[in-house]
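Q: mmCIF, C-alpha atoms and all ligand atoms, saved as structure-v4.cif, coming up:
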data_coords
loop_
_atom_site.label_atom_id
_atom_site.label_comp_id
_atom_site.auth_asym_id
_atom_site.auth_seq_id
_atom_site.Cartn_x
_atom_site.Cartn_y
_atom_site.Cartn_z
CA MET A 242 15.78 -28.76 16.94
CA SER A 243 13.47 -30.41 19.45
CA ASN A 244 10.79 -27.71 19.70
CA LEU A 245 10.29 -27.38 15.97
CA HIS A 246 7.38 -29.18 14.35
CA ILE A 247 7.26 -29.11 10.56
CA VAL A 248 3.76 -30.25 9.69
CA GLU A 249 3.81 -32.34 6.54
CA HIS A 250 0.52 -33.06 4.80
CA PRO A 251 -0.47 -33.20 1.11
CA LEU A 252 -3.11 -30.48 1.59
CA ILE A 253 -0.57 -28.18 3.23
CA ALA A 254 2.01 -28.90 0.51
CA HIS A 255 -0.52 -28.06 -2.23
CA LYS A 256 -1.66 -24.81 -0.58
CA LEU A 257 1.96 -23.81 0.09
CA THR A 258 2.65 -24.04 -3.63
CA LEU A 259 -0.30 -21.73 -4.24
CA ILE A 260 0.92 -19.02 -1.85
CA ARG A 261 4.54 -19.25 -3.03
CA ASP A 262 3.48 -18.70 -6.66
CA LYS A 263 3.83 -15.00 -7.49
CA THR A 264 0.91 -15.18 -9.94
CA THR A 265 -1.56 -16.13 -7.18
CA GLY A 266 -3.97 -13.24 -6.57
CA VAL A 267 -4.97 -11.68 -3.25
CA LYS A 268 -8.24 -13.63 -2.86
CA GLU A 269 -6.67 -17.06 -3.42
CA PHE A 270 -3.62 -16.12 -1.32
CA ARG A 271 -5.81 -15.07 1.61
CA GLU A 272 -7.95 -18.21 1.40
CA ALA A 273 -4.93 -20.51 1.28
CA VAL A 274 -3.21 -18.77 4.23
CA SER A 275 -6.37 -19.19 6.30
CA GLU A 276 -6.71 -22.85 5.32
CA ILE A 277 -3.05 -23.63 6.09
CA ALA A 278 -3.51 -22.00 9.50
CA MET A 279 -6.50 -24.26 10.14
CA LEU A 280 -4.48 -27.34 9.19
CA LEU A 281 -1.56 -26.25 11.42
CA CYS A 282 -4.01 -25.63 14.26
CA TYR A 283 -5.02 -29.30 14.16
CA GLU A 284 -1.39 -30.23 14.96
CA ALA A 285 -0.65 -27.37 17.38
CA THR A 286 -3.65 -28.29 19.55
CA ARG A 287 -2.88 -32.02 19.63
CA ASP A 288 -1.83 -31.86 23.32
CA LEU A 289 -4.87 -29.94 24.64
CA PRO A 290 -6.01 -31.69 27.82
CA LEU A 291 -9.32 -33.57 27.82
CA LYS A 292 -11.74 -34.58 30.52
CA GLU A 293 -14.52 -37.11 30.43
CA ILE A 294 -18.15 -36.10 30.91
CA GLU A 295 -21.34 -38.09 30.87
CA ILE A 296 -23.79 -37.44 28.04
CA GLU A 297 -26.83 -39.11 26.60
CA THR A 298 -26.90 -40.07 22.95
CA PRO A 299 -30.31 -40.89 21.39
CA VAL A 300 -29.44 -44.50 22.17
CA ALA A 301 -27.61 -44.68 25.51
CA VAL A 302 -25.86 -42.88 28.36
CA THR A 303 -22.11 -42.77 27.73
CA LYS A 304 -18.90 -41.09 28.80
CA SER A 305 -17.31 -38.81 26.22
CA LYS A 306 -14.42 -36.34 26.10
CA VAL A 307 -14.38 -32.53 26.04
CA ILE A 308 -11.50 -30.07 26.14
CA SER A 309 -10.55 -29.05 29.68
CA GLY A 310 -7.80 -27.07 31.34
CA LYS A 311 -6.52 -23.66 30.40
CA LYS A 312 -8.36 -21.73 27.75
CA LEU A 313 -6.74 -20.67 24.51
CA ALA A 314 -5.85 -17.24 23.19
CA ILE A 315 -4.44 -16.52 19.76
CA VAL A 316 -2.24 -13.50 19.15
CA PRO A 317 -1.61 -12.51 15.53
CA ILE A 318 1.37 -10.27 14.86
CA LEU A 319 0.09 -7.38 12.74
CA ARG A 320 -0.31 -7.18 9.91
CA ALA A 321 0.26 -10.55 8.32
CA GLY A 322 -0.77 -12.67 11.31
CA ILE A 323 -4.34 -11.40 10.80
CA GLY A 324 -4.57 -13.68 7.76
CA MET A 325 -4.33 -16.75 10.00
CA VAL A 326 -6.99 -15.78 12.57
CA ASP A 327 -10.15 -17.00 10.81
CA GLY A 328 -8.65 -20.40 10.08
CA ILE A 329 -7.95 -20.96 13.78
CA LEU A 330 -11.29 -19.58 14.96
CA ASN A 331 -13.06 -22.02 12.63
CA LEU A 332 -11.70 -24.81 14.83
CA VAL A 333 -11.52 -23.05 18.22
CA PRO A 334 -14.33 -20.47 18.13
CA ALA A 335 -14.10 -19.70 21.87
CA ALA A 336 -10.44 -18.61 21.69
CA LYS A 337 -9.82 -14.99 22.67
CA VAL A 338 -7.82 -12.85 20.26
CA GLY A 339 -5.05 -10.40 21.22
CA HIS A 340 -3.08 -8.26 18.78
CA ILE A 341 0.57 -7.25 18.74
CA GLY A 342 1.65 -4.71 16.12
CA LEU A 343 5.25 -5.02 14.95
CA TYR A 344 6.92 -3.95 11.74
CA ARG A 345 10.46 -4.56 10.58
CA ASP A 346 12.51 -1.43 10.15
CA PRO A 347 13.62 -1.74 6.51
CA GLU A 348 17.11 -0.41 7.33
CA THR A 349 17.94 -2.49 10.39
CA THR A 350 15.37 -5.35 9.94
CA ARG A 351 14.78 -4.97 13.71
CA PRO A 352 11.14 -5.14 14.90
CA VAL A 353 9.41 -1.93 16.00
CA GLU A 354 6.39 -2.27 18.30
CA TYR A 355 3.43 0.00 17.53
CA TYR A 356 0.38 -1.72 19.06
CA CYS A 357 -0.53 -4.16 21.80
CA LYS A 358 -4.01 -5.11 22.95
CA LEU A 359 -4.38 -8.40 24.80
CA PRO A 360 -7.26 -10.14 26.62
CA GLU A 361 -7.33 -9.13 30.33
CA ASP A 362 -6.88 -12.72 31.45
CA ILE A 363 -4.04 -13.45 29.00
CA ALA A 364 -1.70 -14.68 31.79
CA SER A 365 -4.01 -17.59 32.57
CA ARG A 366 -4.36 -18.74 28.94
CA GLU A 367 -2.40 -20.95 26.59
CA VAL A 368 -1.26 -18.62 23.83
CA ILE A 369 -0.55 -19.33 20.18
CA ILE A 370 1.27 -16.51 18.36
CA LEU A 371 0.38 -16.31 14.66
CA ASP A 372 2.66 -14.98 11.94
CA PRO A 373 3.04 -16.46 8.45
CA MET A 374 6.77 -15.60 8.28
CA LEU A 375 9.59 -16.43 10.72
CA ALA A 376 12.59 -14.78 9.05
CA THR A 377 15.34 -13.38 11.32
CA GLY A 378 13.14 -14.27 14.30
CA GLY A 379 13.32 -10.70 15.64
CA SER A 380 9.55 -10.17 15.53
CA ALA A 381 8.82 -13.57 17.09
CA VAL A 382 11.27 -13.00 19.96
CA ALA A 383 9.83 -9.50 20.59
CA ALA A 384 6.26 -10.89 20.70
CA ILE A 385 7.22 -13.77 23.00
CA ARG A 386 9.08 -11.38 25.34
CA LEU A 387 6.06 -9.09 25.52
CA LEU A 388 3.73 -11.98 26.38
CA LYS A 389 6.11 -13.35 29.02
CA GLU A 390 6.31 -9.88 30.59
CA LYS A 391 2.49 -10.04 30.89
CA GLY A 392 2.82 -13.33 32.77
CA VAL A 393 1.97 -15.82 30.01
CA GLU A 394 3.57 -19.19 30.76
CA HIS A 395 2.58 -21.41 27.87
CA ILE A 396 3.34 -20.03 24.42
CA LYS A 397 3.38 -21.70 21.02
CA MET A 398 4.43 -20.06 17.77
CA MET A 399 2.61 -20.82 14.51
CA ASN A 400 4.25 -19.85 11.23
CA ILE A 401 3.65 -20.89 7.66
CA ILE A 402 7.23 -20.49 6.38
CA ALA A 403 10.30 -20.38 8.62
CA ALA A 404 13.96 -19.72 7.91
CA PRO A 405 16.63 -21.68 9.79
CA GLU A 406 18.00 -18.41 11.24
CA GLY A 407 14.65 -17.42 12.80
CA ALA A 408 13.85 -20.87 14.16
CA ALA A 409 17.33 -21.07 15.71
CA LEU A 410 16.96 -17.64 17.37
CA VAL A 411 13.57 -18.53 18.92
CA GLU A 412 14.90 -21.88 20.09
CA ALA A 413 18.03 -20.32 21.62
CA THR A 414 16.16 -17.43 23.30
CA TYR A 415 13.01 -19.25 24.42
CA PRO A 416 13.61 -23.02 24.37
CA ASP A 417 10.21 -23.60 26.02
CA VAL A 418 8.31 -22.21 23.01
CA GLU A 419 7.26 -24.81 20.46
CA ILE A 420 7.16 -23.75 16.83
CA TYR A 421 4.64 -25.21 14.38
CA CYS A 422 5.30 -24.43 10.73
CA ALA A 423 4.41 -25.73 7.29
CA ALA A 424 7.87 -25.36 5.73
CA MET A 425 11.49 -24.72 6.63
CA ASP A 426 13.07 -22.85 3.73
CA GLU A 427 16.72 -22.58 2.70
CA ARG A 428 17.95 -19.24 3.98
CA LEU A 429 17.52 -15.47 4.19
CA ASN A 430 18.66 -13.16 1.41
CA GLU A 431 20.57 -9.88 1.87
CA HIS A 432 17.29 -8.06 2.71
CA ALA A 433 16.38 -10.70 5.30
CA TYR A 434 13.63 -12.11 3.06
CA ILE A 435 13.07 -15.85 3.15
CA VAL A 436 14.36 -17.76 0.09
CA PRO A 437 12.43 -19.12 -1.75
CA GLY A 438 9.66 -17.90 0.59
CA LEU A 439 6.62 -16.08 -0.78
CA GLY A 440 7.70 -12.45 -0.71
CA ASP A 441 6.15 -9.93 1.67
CA ALA A 442 3.30 -11.73 3.39
CA GLY A 443 1.54 -8.52 4.50
CA ASP A 444 1.61 -7.00 1.03
CA ARG A 445 0.36 -10.20 -0.59
CA LEU A 446 -2.47 -10.61 1.95
CA PHE A 447 -3.68 -7.04 1.78
CA GLY A 448 -2.72 -6.13 -1.80
CA THR A 449 -0.59 -3.19 -0.69
CA LYS A 450 2.04 -3.61 -3.43
C1 LIG A 501 6.80 -9.61 8.44
C2 LIG A 501 6.19 -10.89 8.97
C3 LIG A 501 6.80 -10.98 10.35
C4 LIG A 501 8.17 -10.41 10.14
C5 LIG A 501 9.15 -11.55 10.08
O1 LIG A 501 6.15 -8.50 8.93
O2 LIG A 501 4.80 -10.89 8.98
O3 LIG A 501 6.10 -10.26 11.34
O4 LIG A 501 8.14 -9.70 8.90
O5 LIG A 501 10.44 -11.07 10.00
P1 LIG A 501 11.50 -11.31 11.17
O6 LIG A 501 11.43 -12.73 11.56
O7 LIG A 501 12.80 -10.96 10.49
O8 LIG A 501 11.18 -10.36 12.30
P2 LIG A 501 6.51 -7.02 8.46
O9 LIG A 501 7.53 -6.44 9.37
O10 LIG A 501 6.84 -7.04 6.99
O11 LIG A 501 5.18 -6.24 8.75
P3 LIG A 501 3.74 -6.34 8.04
O12 LIG A 501 3.15 -7.67 8.44
O13 LIG A 501 3.01 -5.20 8.60
O14 LIG A 501 3.95 -6.26 6.54
N1 LIG A 502 8.64 -10.86 6.10
C1 LIG A 502 7.96 -11.28 5.00
O1 LIG A 502 6.79 -10.91 4.81
N2 LIG A 502 8.59 -12.09 4.14
C2 LIG A 502 9.85 -12.50 4.33
O2 LIG A 502 10.37 -13.26 3.48
C3 LIG A 502 10.54 -12.06 5.46
C4 LIG A 502 9.90 -11.24 6.35
#
What's the structure tokens form of this structure?
Ligand code: PRP
Ligand code: URA
A:
Amino acid sequence: MSNLHIVEHPLIAHKLTLIRDKTTGVKEFREAVSEIAMLLCYEATRDLPLKEIEIETPVAVTKSKVISGKKLAIVPILRAGIGMVDGILNLVPAAKVGHIGLYRDPETTRPVEYYCKLPEDIASREVIILDPMLATGGSAVAAIRLLKEKGVEHIKMMNIIAAPEGAALVEATYPDVEIYCAAMDERLNEHAYIVPGLGDAGDRLFGTK
């Protein structure tokens, strides 16, 4: 799958173990999700365009690089995507933040949209969608469709754990969208939960179960 980037790094591997472990509490879970998002952001922003400017160090005048081109927006999918926002903003503090609210209907596992608030200039920004879990891919495809309908041209998807089924659906539906994730798990179970996964990301982040 050409648009899939599985980011392998010892720090990510260690923090993944923490969030998979069912004995990890809410505080540690939240911190590790935020830190993994920051580490994934390093990789997902590798192709940001640069331009050279002239600056003066205390010693000499020199040319040095700064980020140029389109500005970034991040769009967490509520609820669980919220857990990744701070990690990204630590590295890209000027990014604007939009929100898309989707929940999976427990009967059908199909996504239901309940909220959408995006920056006014979203169409002119590079957008990274944030969601810790890419399971069936239904939520990801719905979020990408919504952003494309608003005119967004450059979209990346950042997940912590993906299932082969979800990654394949995104790739087949939107082959231009690159996916950055920390792990590709084995499969989905009969309730469309990722195996081995980490359970319900929203509940574990917000302590709702
Ligand atoms: C989870 C997760 C994704 C979605 C993934 O959200 O955060 O948004 O499921 O599943 P999919 O790939 O099969 O669509 P959930 O619907 O549980 O909502 P929540 O974040 O509010 O708990
Ligand atoms: N949503 C989650 O939070 N976890 C899964 O395993 C699948 C969907």
Q: Hey, could you make a per-residue contact list for stretch 332-447 of chain A against stretch 275-292 of chain A with 8 Å as the cut-off, showing the nearest pair of atoms and its distance in Å to one decimal, counting all atoms listed in the file, sorted by chain and number, as a tab-separated table?
A:
residue	atom	partner	partner_atom	distance
A:Leu332	CA	A:Met279	CA	7.0
A:Lys397	CA	A:Ala285	CA	7.9
A:Met399	CA	A:Leu281	CA	7.5
A:Ile401	CA	A:Ile277	CA	7.4
A:Tyr421	CA	A:Ala285	CA	6.5
A:Cys422	CA	A:Leu281	CA	7.1
A:Ala423	CA	A:Leu281	CA	7.3
Q: Show me, as a list in words, the residues that have an atom within 12 Å of A:Thr258 when counting all atoms listed in the file, minus same-chain residues fewer than 6 positions from it.
A: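 These residues fall inside the cut-off: Pro251, Leu252, Thr264, Thr265, Glu269, Phe270, Ala273, Val274, Ile277, Ile401, Ile402, Ala423, Ala424, Pro437, Gly438 and Leu439 of chain A.
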Q: So which one's closest to ligand LIG 501 (chain A), A:Gly310, A:Pro405, A:Gly392, A:Gly266? Using all atoms listed in the file, please.
A: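 Looking only at the distances to ligand LIG 501 (chain A), the closest residue turns out to be A:Pro405.
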Q: Using only C-alpha atoms and all ligand atoms, find each protein or nucleic acid residue lying at most 7 Å from ligand LIG 502 (chain A); present the set as a list in words.
A: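 Within the 7 Å cut-off, the matching residues are Met374, Leu375, Ala376, Ala433, Tyr434, Ile435, Val436, Gly438, Leu439, Gly440, Asp441, Ala442 and Gly443 of chain A.
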Q: Which protein, DNA or RNA residues have an atom within 6 Å of ligand LIG 501 (chain A), counting all atoms listed in the file, as a tab-separated table (two decimals) with C-alpha atoms, in the frame of the given file?
A:
chain	number	residue	atom	x	y	z
A	318	ILE	CA	1.37	-10.27	14.86
A	319	LEU	CA	0.09	-7.38	12.74
A	320	ARG	CA	-0.31	-7.18	9.91
A	321	ALA	CA	0.26	-10.55	8.32
A	344	TYR	CA	6.92	-3.95	11.74
A	345	ARG	CA	10.46	-4.56	10.58
A	352	PRO	CA	11.14	-5.14	14.90
A	372	ASP	CA	2.66	-14.98	11.94
A	373	PRO	CA	3.04	-16.46	8.45
A	374	MET	CA	6.77	-15.60	8.28
A	375	LEU	CA	9.59	-16.43	10.72
A	376	ALA	CA	12.59	-14.78	9.05
A	377	THR	CA	15.34	-13.38	11.32
A	378	GLY	CA	13.14	-14.27	14.30
A	379	GLY	CA	13.32	-10.70	15.64
A	380	SER	CA	9.55	-10.17	15.53
A	407	GLY	CA	14.65	-17.42	12.80
A	442	ALA	CA	3.30	-11.73	3.39
A	443	GLY	CA	1.54	-8.52	4.50
Q: When you count only C-alpha atoms, which of these residues is closest to A:Val326: A:Glu361, A:Glu295, A:Asp346, A:Glu272?
A: A:Glu272
Q: Between A:Lys304, A:Arg261, A:His395, A:Arg386, which residue has the minimum interatomic distance to A:Ile341, considering all atoms listed in the file?
A: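 Counting all atoms listed in the file, the residue closest to A:Ile341 is A:Arg386.
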Q: May I ask for the distance between atom CA of A:His432 and atom CA of A:Ala404, given in Å to one decimal place?
A: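 Computing it gives 13.2 Å between the two atoms.
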Q: Using all atoms listed in the file - which residues lie no farther than 6 Å from the point (-16.0, -37.7, 26.7) in the file's frame? Write them as a list in words.
A: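 Residues lying no farther than 6 Å from the given point: Glu293, Ile294, Lys304, Ser305, Lys306 and Val307 of chain A.
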Q: So how many Å separate atom CA of A:Glu394 and atom CA of A:Ala381, to one decimal?
A: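 Separation of atom CA of A:Glu394 and atom CA of A:Ala381: 15.7 Å.
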Q: Calculated over only C-alpha atoms, which of the candidates A:Ala314, A:Val382, A:Lys389, A:Ala335 has the smallest distance to A:Arg351?
A: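 So, comparing all the options, the nearest one is A:Val382.
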Q: Which residue, A:Asn244, A:Asp444, A:Glu354, A:Thr298, has the smallest gap to A:Ile396 when you use all atoms listed in the file?
A: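 The shortest atom-to-atom distance to A:Ile396 comes from A:Asn244.
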Q: Any chance you could build stretch 403-438 of chain A out to N, CA and C atoms and write it as a PDB file, in the frame of the given file?
A:
ATOM      1  N   ALA A 403       9.226 -20.787   7.702  1.00  0.00           N
ATOM      2  CA  ALA A 403      10.300 -20.380   8.620  1.00  0.00           C
ATOM      3  C   ALA A 403      11.635 -20.450   7.899  1.00  0.00           C
ATOM      4  N   ALA A 404      12.566 -19.627   8.357  1.00  0.00           N
ATOM      5  CA  ALA A 404      13.960 -19.720   7.910  1.00  0.00           C
ATOM      6  C   ALA A 404      14.768 -20.338   9.048  1.00  0.00           C
ATOM      7  N   PRO A 405      15.832 -21.054   8.727  1.00  0.00           N
ATOM      8  CA  PRO A 405      16.630 -21.680   9.790  1.00  0.00           C
ATOM      9  C   PRO A 405      17.123 -20.657  10.812  1.00  0.00           C
ATOM     10  N   GLU A 406      17.470 -19.448  10.337  1.00  0.00           N
ATOM     11  CA  GLU A 406      18.000 -18.410  11.240  1.00  0.00           C
ATOM     12  C   GLU A 406      16.967 -18.022  12.305  1.00  0.00           C
ATOM     13  N   GLY A 407      15.710 -17.843  11.875  1.00  0.00           N
ATOM     14  CA  GLY A 407      14.650 -17.420  12.800  1.00  0.00           C
ATOM     15  C   GLY A 407      14.294 -18.520  13.783  1.00  0.00           C
ATOM     16  N   ALA A 408      14.189 -19.749  13.277  1.00  0.00           N
ATOM     17  CA  ALA A 408      13.850 -20.870  14.160  1.00  0.00           C
ATOM     18  C   ALA A 408      14.953 -21.051  15.206  1.00  0.00           C
ATOM     19  N   ALA A 409      16.213 -20.895  14.773  1.00  0.00           N
ATOM     20  CA  ALA A 409      17.330 -21.070  15.710  1.00  0.00           C
ATOM     21  C   ALA A 409      17.325 -19.974  16.778  1.00  0.00           C
ATOM     22  N   LEU A 410      16.973 -18.730  16.385  1.00  0.00           N
ATOM     23  CA  LEU A 410      16.960 -17.640  17.370  1.00  0.00           C
ATOM     24  C   LEU A 410      15.866 -17.865  18.418  1.00  0.00           C
ATOM     25  N   VAL A 411      14.666 -18.274  17.965  1.00  0.00           N
ATOM     26  CA  VAL A 411      13.570 -18.530  18.920  1.00  0.00           C
ATOM     27  C   VAL A 411      13.967 -19.666  19.854  1.00  0.00           C
ATOM     28  N   GLU A 412      14.510 -20.722  19.285  1.00  0.00           N
ATOM     29  CA  GLU A 412      14.900 -21.880  20.090  1.00  0.00           C
ATOM     30  C   GLU A 412      15.969 -21.513  21.109  1.00  0.00           C
ATOM     31  N   ALA A 413      16.940 -20.690  20.701  1.00  0.00           N
ATOM     32  CA  ALA A 413      18.030 -20.320  21.620  1.00  0.00           C
ATOM     33  C   ALA A 413      17.542 -19.364  22.703  1.00  0.00           C
ATOM     34  N   THR A 414      16.603 -18.459  22.346  1.00  0.00           N
ATOM     35  CA  THR A 414      16.160 -17.430  23.300  1.00  0.00           C
ATOM     36  C   THR A 414      15.070 -17.974  24.223  1.00  0.00           C
ATOM     37  N   TYR A 415      14.140 -18.724  23.644  1.00  0.00           N
ATOM     38  CA  TYR A 415      13.010 -19.250  24.420  1.00  0.00           C
ATOM     39  C   TYR A 415      12.834 -20.736  24.103  1.00  0.00           C
ATOM     40  N   PRO A 416      13.670 -21.584  24.702  1.00  0.00           N
ATOM     41  CA  PRO A 416      13.610 -23.020  24.370  1.00  0.00           C
ATOM     42  C   PRO A 416      12.300 -23.691  24.779  1.00  0.00           C
ATOM     43  N   ASP A 417      11.503 -23.014  25.604  1.00  0.00           N
ATOM     44  CA  ASP A 417      10.210 -23.600  26.020  1.00  0.00           C
ATOM     45  C   ASP A 417       9.110 -23.364  24.991  1.00  0.00           C
ATOM     46  N   VAL A 418       9.361 -22.541  23.985  1.00  0.00           N
ATOM     47  CA  VAL A 418       8.310 -22.210  23.010  1.00  0.00           C
ATOM     48  C   VAL A 418       8.380 -23.175  21.822  1.00  0.00           C
ATOM     49  N   GLU A 419       7.282 -23.880  21.596  1.00  0.00           N
ATOM     50  CA  GLU A 419       7.260 -24.810  20.460  1.00  0.00           C
ATOM     51  C   GLU A 419       6.800 -24.079  19.205  1.00  0.00           C
ATOM     52  N   ILE A 420       7.469 -24.396  18.110  1.00  0.00           N
ATOM     53  CA  ILE A 420       7.160 -23.750  16.830  1.00  0.00           C
ATOM     54  C   ILE A 420       6.469 -24.770  15.930  1.00  0.00           C
ATOM     55  N   TYR A 421       5.338 -24.375  15.360  1.00  0.00           N
ATOM     56  CA  TYR A 421       4.640 -25.210  14.380  1.00  0.00           C
ATOM     57  C   TYR A 421       4.683 -24.472  13.045  1.00  0.00           C
ATOM     58  N   CYS A 422       5.265 -25.106  12.033  1.00  0.00           N
ATOM     59  CA  CYS A 422       5.300 -24.430  10.730  1.00  0.00           C
ATOM     60  C   CYS A 422       5.057 -25.433   9.612  1.00  0.00           C
ATOM     61  N   ALA A 423       4.721 -24.880   8.442  1.00  0.00           N
ATOM     62  CA  ALA A 423       4.410 -25.730   7.290  1.00  0.00           C
ATOM     63  C   ALA A 423       5.648 -26.025   6.464  1.00  0.00           C
ATOM     64  N   ALA A 424       6.653 -25.143   6.532  1.00  0.00           N
ATOM     65  CA  ALA A 424       7.870 -25.360   5.730  1.00  0.00           C
ATOM     66  C   ALA A 424       9.060 -24.678   6.361  1.00  0.00           C
ATOM     67  N   MET A 425      10.207 -25.329   6.254  1.00  0.00           N
ATOM     68  CA  MET A 425      11.490 -24.720   6.630  1.00  0.00           C
ATOM     69  C   MET A 425      12.237 -24.473   5.327  1.00  0.00           C
ATOM     70  N   ASP A 426      12.427 -23.188   5.002  1.00  0.00           N
ATOM     71  CA  ASP A 426      13.070 -22.850   3.730  1.00  0.00           C
ATOM     72  C   ASP A 426      14.593 -22.854   3.866  1.00  0.00           C
ATOM     73  N   GLU A 427      15.253 -22.438   2.753  1.00  0.00           N
ATOM     74  CA  GLU A 427      16.720 -22.580   2.700  1.00  0.00           C
ATOM     75  C   GLU A 427      17.470 -21.586   3.542  1.00  0.00           C
ATOM     76  N   ARG A 428      17.098 -20.286   3.393  1.00  0.00           N
ATOM     77  CA  ARG A 428      17.950 -19.240   3.980  1.00  0.00           C
ATOM     78  C   ARG A 428      17.261 -17.882   3.861  1.00  0.00           C
ATOM     79  N   LEU A 429      17.955 -16.860   4.382  1.00  0.00           N
ATOM     80  CA  LEU A 429      17.520 -15.470   4.190  1.00  0.00           C
ATOM     81  C   LEU A 429      18.393 -14.842   3.109  1.00  0.00           C
ATOM     82  N   ASN A 430      17.825 -13.883   2.363  1.00  0.00           N
ATOM     83  CA  ASN A 430      18.660 -13.160   1.410  1.00  0.00           C
ATOM     84  C   ASN A 430      19.237 -11.897   2.076  1.00  0.00           C
ATOM     85  N   GLU A 431      19.878 -11.052   1.290  1.00  0.00           N
ATOM     86  CA  GLU A 431      20.570  -9.880   1.870  1.00  0.00           C
ATOM     87  C   GLU A 431      19.599  -8.858   2.453  1.00  0.00           C
ATOM     88  N   HIS A 432      18.296  -8.957   2.120  1.00  0.00           N
ATOM     89  CA  HIS A 432      17.290  -8.060   2.710  1.00  0.00           C
ATOM     90  C   HIS A 432      16.511  -8.759   3.819  1.00  0.00           C
ATOM     91  N   ALA A 433      17.025  -9.889   4.261  1.00  0.00           N
ATOM     92  CA  ALA A 433      16.380 -10.700   5.300  1.00  0.00           C
ATOM     93  C   ALA A 433      15.007 -11.206   4.869  1.00  0.00           C
ATOM     94  N   TYR A 434      14.831 -11.433   3.561  1.00  0.00           N
ATOM     95  CA  TYR A 434      13.630 -12.110   3.060  1.00  0.00           C
ATOM     96  C   TYR A 434      13.930 -13.602   2.945  1.00  0.00           C
ATOM     97  N   ILE A 435      12.886 -14.402   3.184  1.00  0.00           N
ATOM     98  CA  ILE A 435      13.070 -15.850   3.150  1.00  0.00           C
ATOM     99  C   ILE A 435      13.149 -16.324   1.694  1.00  0.00           C
ATOM    100  N   VAL A 436      14.140 -17.198   1.426  1.00  0.00           N
ATOM    101  CA  VAL A 436      14.360 -17.760   0.090  1.00  0.00           C
ATOM    102  C   VAL A 436      14.089 -19.274   0.139  1.00  0.00           C
ATOM    103  N   PRO A 437      13.181 -19.834  -0.717  1.00  0.00           N
ATOM    104  CA  PRO A 437      12.430 -19.120  -1.750  1.00  0.00           C
ATOM    105  C   PRO A 437      11.252 -18.310  -1.202  1.00  0.00           C
ATOM    106  N   GLY A 438      10.686 -18.696  -0.076  1.00  0.00           N
ATOM    107  CA  GLY A 438       9.660 -17.900   0.590  1.00  0.00           C
ATOM    108  C   GLY A 438       8.422 -17.648  -0.242  1.00  0.00           C
TER     109      GLY A 438
END
